[in-house]
Structure formats: structure tokens, C-alpha cells
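Enquirer: Sharing a structure here in C-alpha cells format.
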Protein chains: 2
Amino acid sequence: MASADNERMARMAELDIDPAQLEAYRQRLSEEIEASIALEPGVLMLHAVALKDEPGKIRILEVYASRRDYEAHLQTPHFLRYKNLTAGMIRSLTLVDVDPVAMCAQPATAS
Amino acid sequence: MASADNERMARMAELDIDPAQLEAYRQRLSEEIEASIALEPGVLMLHAVALKDEPGKIRILEVYASRRDYEAHLQTPHFLRYKNLTAGMIRSLTLVDVDPVAMCAQPATAS
């Protein structure tokens, strides 16, 4: 009965970053993630990691409280700034829709 | 200066599960994840998702406080039980070492 608008939305973003711009990209991504979690209660989780053997390959596990929260996220100044500043750094971007199976973490105690 | 034993350890596990046993696998995995987070403070995060278009493909983002915590985890009864019960369900398992770039989440408020 519930509208899909009210369902949690999860995704894995797979990015390939220009090695010459990797440090700048990581900085922009970190700023964007910190702002999103601080300012948007509907952005539940943004976990970005780099493959150890291929540091230009970034994976981001993204969880939003609803599709509406995700769509609002796309219009925020911090996200638009990130998109604009990193457009020339990203060689490829693949978005993979996922369903949570089990997501558990310790209560936040440290950065 | 710090020993690698004291550094946070992150990994992405990529699994392909036998479709005929997928429901049983998801149940065993969920039990294992919940027990690990409840019983092991050094297991910081276990986030398992399934690809929407290929539900047998499971991705698990794993973060441990240290390599020592990871090695201890492998010896716990709940992990050994999971390994034993799911051995015949897993078609392939790839472990990819990753480095955190930015990992942020809302304070836990709901399951």
C-alpha cells in the first residue's frame, strides 16, 4: 500500500576518477558527503571507499530515507557544487540500484 | 609509527549466491551480521546489499577497528556457524581491500 516515495532507497555508485585529479576529487567528495549528512536528515548514509589496488576506483554506498529525499538531495547547493567542481574529474560513473539485506554498525563513537 | 595491527581495516566482499538457496543465505547472513555487531565492538560496520537486477549478487561493506579485530572475528562461533551453514550456497566470493575516503551516517534512529 505504501507509496514507493516512502521507501528507503539504496544504491552503489561506481566511479573511475582521473588519476591526475584524484586528490582534488577525494577532497570534494568528502566535503559533499559531510555536508549532506549534516544538513539532510533524509540522507541516511554515504560511505565512500577507494579500491586499494586501484585508488582511482571509488565505490559509494548511498542510502536515502525515500526517493523524495534523494531527489531533494540532487537540488541542494552542496550537491550541485560537487557536481560542477568534479565533472571534469570523473571518467565514468555507474549507478547500481541495490536492496539492503542487513545493515548494522556500532553506535558512532569515533570519526 | 603505528602498527598496521592498530589501523582500521575495510573491505568489500562480492558474493554470488545459488538462486535456489538465496532466501536461506540471506537469513544466515543477517543472523551473522547482527551477532557480530552485537557481540564484537571491533566489528564497526557490516552493510550487506543485493543488486536489484541480480539479487543473487551480494555486496558487503565491512569495516573493522583493526586487523586483529578482524582475525578475532573469524574465530567467533557465530562466524564459524555462518561459514559452515553457507559453504554450499556460495558460488563465488571475491574480497576487495578498500580504503575509506569518507564514511558518514545519521545517528542510528531506526532499523
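Ordered as shown in the C-alpha cells, chains take letters A, B, and onward, while each chain numbers its residues from 1 and ligands are numbered from 1 in the order shown.
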Contacts from chain B to chain A, 6 Å maximum, only C-alpha atoms: show me the residue list as a PDB file with N, CA and C atoms, in the first residue's frame.

Expert:
```
ATOM      1  N   SER B  30      22.114 -12.398   7.640  1.00  0.00           N
ATOM      2  CA  SER B  30      21.549 -11.399   8.559  1.00  0.00           C
ATOM      3  C   SER B  30      21.823 -11.771  10.006  1.00  0.00           C
ATOM      4  N   LEU B  44      33.064  -2.768  13.267  1.00  0.00           N
ATOM      5  CA  LEU B  44      32.451  -1.437  13.284  1.00  0.00           C
ATOM      6  C   LEU B  44      31.226  -1.339  12.392  1.00  0.00           C
ATOM      7  N   MET B  45      31.226  -2.084  11.299  1.00  0.00           N
ATOM      8  CA  MET B  45      30.163  -1.886  10.309  1.00  0.00           C
ATOM      9  C   MET B  45      30.107  -3.085   9.386  1.00  0.00           C
ATOM     10  N   LEU B  46      28.902  -3.618   9.175  1.00  0.00           N
ATOM     11  CA  LEU B  46      28.695  -4.665   8.171  1.00  0.00           C
ATOM     12  C   LEU B  46      27.413  -4.295   7.421  1.00  0.00           C
ATOM     13  N   HIS B  47      27.578  -3.828   6.198  1.00  0.00           N
ATOM     14  CA  HIS B  47      26.438  -3.379   5.397  1.00  0.00           C
ATOM     15  C   HIS B  47      26.335  -4.278   4.174  1.00  0.00           C
ATOM     16  N   ALA B  48      25.295  -5.108   4.160  1.00  0.00           N
ATOM     17  CA  ALA B  48      25.108  -6.053   3.052  1.00  0.00           C
ATOM     18  C   ALA B  48      23.925  -5.615   2.199  1.00  0.00           C
ATOM     19  N   VAL B  49      24.152  -5.594   0.894  1.00  0.00           N
ATOM     20  CA  VAL B  49      23.093  -5.248  -0.049  1.00  0.00           C
ATOM     21  C   VAL B  49      23.098  -6.258  -1.189  1.00  0.00           C
ATOM     22  N   ALA B  50      21.944  -6.355  -1.880  1.00  0.00           N
ATOM     23  CA  ALA B  50      21.817  -7.218  -3.053  1.00  0.00           C
ATOM     24  C   ALA B  50      21.533  -6.346  -4.270  1.00  0.00           C
ATOM     25  N   LEU B  51      22.144  -6.680  -5.389  1.00  0.00           N
ATOM     26  CA  LEU B  51      21.855  -5.922  -6.608  1.00  0.00           C
ATOM     27  C   LEU B  51      20.395  -6.138  -7.003  1.00  0.00           C
ATOM     28  N   LYS B  52      19.693  -5.068  -7.289  1.00  0.00           N
ATOM     29  CA  LYS B  52      18.266  -5.172  -7.608  1.00  0.00           C
ATOM     30  C   LYS B  52      18.051  -6.034  -8.847  1.00  0.00           C
ATOM     31  N   ASP B  97      40.126  -5.372  -0.989  1.00  0.00           N
ATOM     32  CA  ASP B  97      40.573  -4.444   0.054  1.00  0.00           C
ATOM     33  C   ASP B  97      40.297  -3.012  -0.388  1.00  0.00           C
ATOM     34  N   VAL B  98      39.792  -2.215   0.508  1.00  0.00           N
ATOM     35  CA  VAL B  98      39.459  -0.820   0.188  1.00  0.00           C
ATOM     36  C   VAL B  98      39.984   0.093   1.289  1.00  0.00           C
ATOM     37  N   ASP B  99      40.110   1.379   0.927  1.00  0.00           N
ATOM     38  CA  ASP B  99      40.468   2.424   1.886  1.00  0.00           C
ATOM     39  C   ASP B  99      39.280   3.363   2.032  1.00  0.00           C
ATOM     40  N   PRO B 100      38.880   3.677   3.257  1.00  0.00           N
ATOM     41  CA  PRO B 100      37.808   4.659   3.424  1.00  0.00           C
ATOM     42  C   PRO B 100      38.225   6.018   2.845  1.00  0.00           C
ATOM     43  N   VAL B 101      37.306   6.674   2.153  1.00  0.00           N
ATOM     44  CA  VAL B 101      37.510   8.056   1.696  1.00  0.00           C
ATOM     45  C   VAL B 101      36.717   8.984   2.617  1.00  0.00           C
ATOM     46  N   ALA B 102      35.440   8.707   2.752  1.00  0.00           N
ATOM     47  CA  ALA B 102      34.584   9.451   3.678  1.00  0.00           C
ATOM     48  C   ALA B 102      33.430   8.539   4.025  1.00  0.00           C
ATOM     49  N   MET B 103      33.168   8.330   5.311  1.00  0.00           N
ATOM     50  CA  MET B 103      32.095   7.441   5.734  1.00  0.00           C
ATOM     51  C   MET B 103      31.272   8.182   6.773  1.00  0.00           C
ATOM     52  N   CYS B 104      30.050   8.558   6.380  1.00  0.00           N
ATOM     53  CA  CYS B 104      29.198   9.344   7.275  1.00  0.00           C
ATOM     54  C   CYS B 104      27.801   8.755   7.267  1.00  0.00           C
ATOM     55  N   ALA B 105      27.153   8.792   8.440  1.00  0.00           N
ATOM     56  CA  ALA B 105      25.782   8.307   8.553  1.00  0.00           C
ATOM     57  C   ALA B 105      25.068   9.094   9.623  1.00  0.00           C
ATOM     58  N   GLN B 106      23.750   9.141   9.500  1.00  0.00           N
ATOM     59  CA  GLN B 106      22.951   9.740  10.564  1.00  0.00           C
ATOM     60  C   GLN B 106      23.094   8.894  11.816  1.00  0.00           C
TER      61      GLN B 106
END
```

Enquirer: Give the helix (DSSP H, G or I) residues of region 70-111 of chain B, as assigned by DSSP on the backbone, as a VMD selection string.

Expert: chain B and resid 70 to 73 77 to 86

Enquirer: Report the distance between CA of Arg8 (chain B) and CA of Met89 (chain A) in Å, rounded to one decimal place.

Expert: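 Straight-line distance from CA of Arg8 (chain B) to CA of Met89 (chain A) works out to 27.8 Å.
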
Enquirer: For Arg28 (chain B), list every protein, DNA or RNA residue within 8 Å, evaluated using only C-alpha atoms, and leave out those in the same chain fewer than 6 positions away; present the list as a PyMOL selection string.

Expert: chain B and resi 82+85-86

Enquirer: Please produce a file of the residues just selected, as a PDB file, in the first residue's frame, where the atoms kept are N, CA and C atoms.

Expert:
```
ATOM      1  N   TYR B  82      28.114 -19.425  10.483  1.00  0.00           N
ATOM      2  CA  TYR B  82      27.737 -18.862   9.172  1.00  0.00           C
ATOM      3  C   TYR B  82      28.545 -19.523   8.058  1.00  0.00           C
ATOM      4  N   LEU B  85      27.350 -23.137   7.553  1.00  0.00           N
ATOM      5  CA  LEU B  85      25.993 -23.286   7.033  1.00  0.00           C
ATOM      6  C   LEU B  85      25.850 -22.776   5.603  1.00  0.00           C
ATOM      7  N   THR B  86      26.706 -21.838   5.187  1.00  0.00           N
ATOM      8  CA  THR B  86      26.524 -21.229   3.869  1.00  0.00           C
ATOM      9  C   THR B  86      27.526 -21.724   2.826  1.00  0.00           C
TER      10      THR B  86
END
```
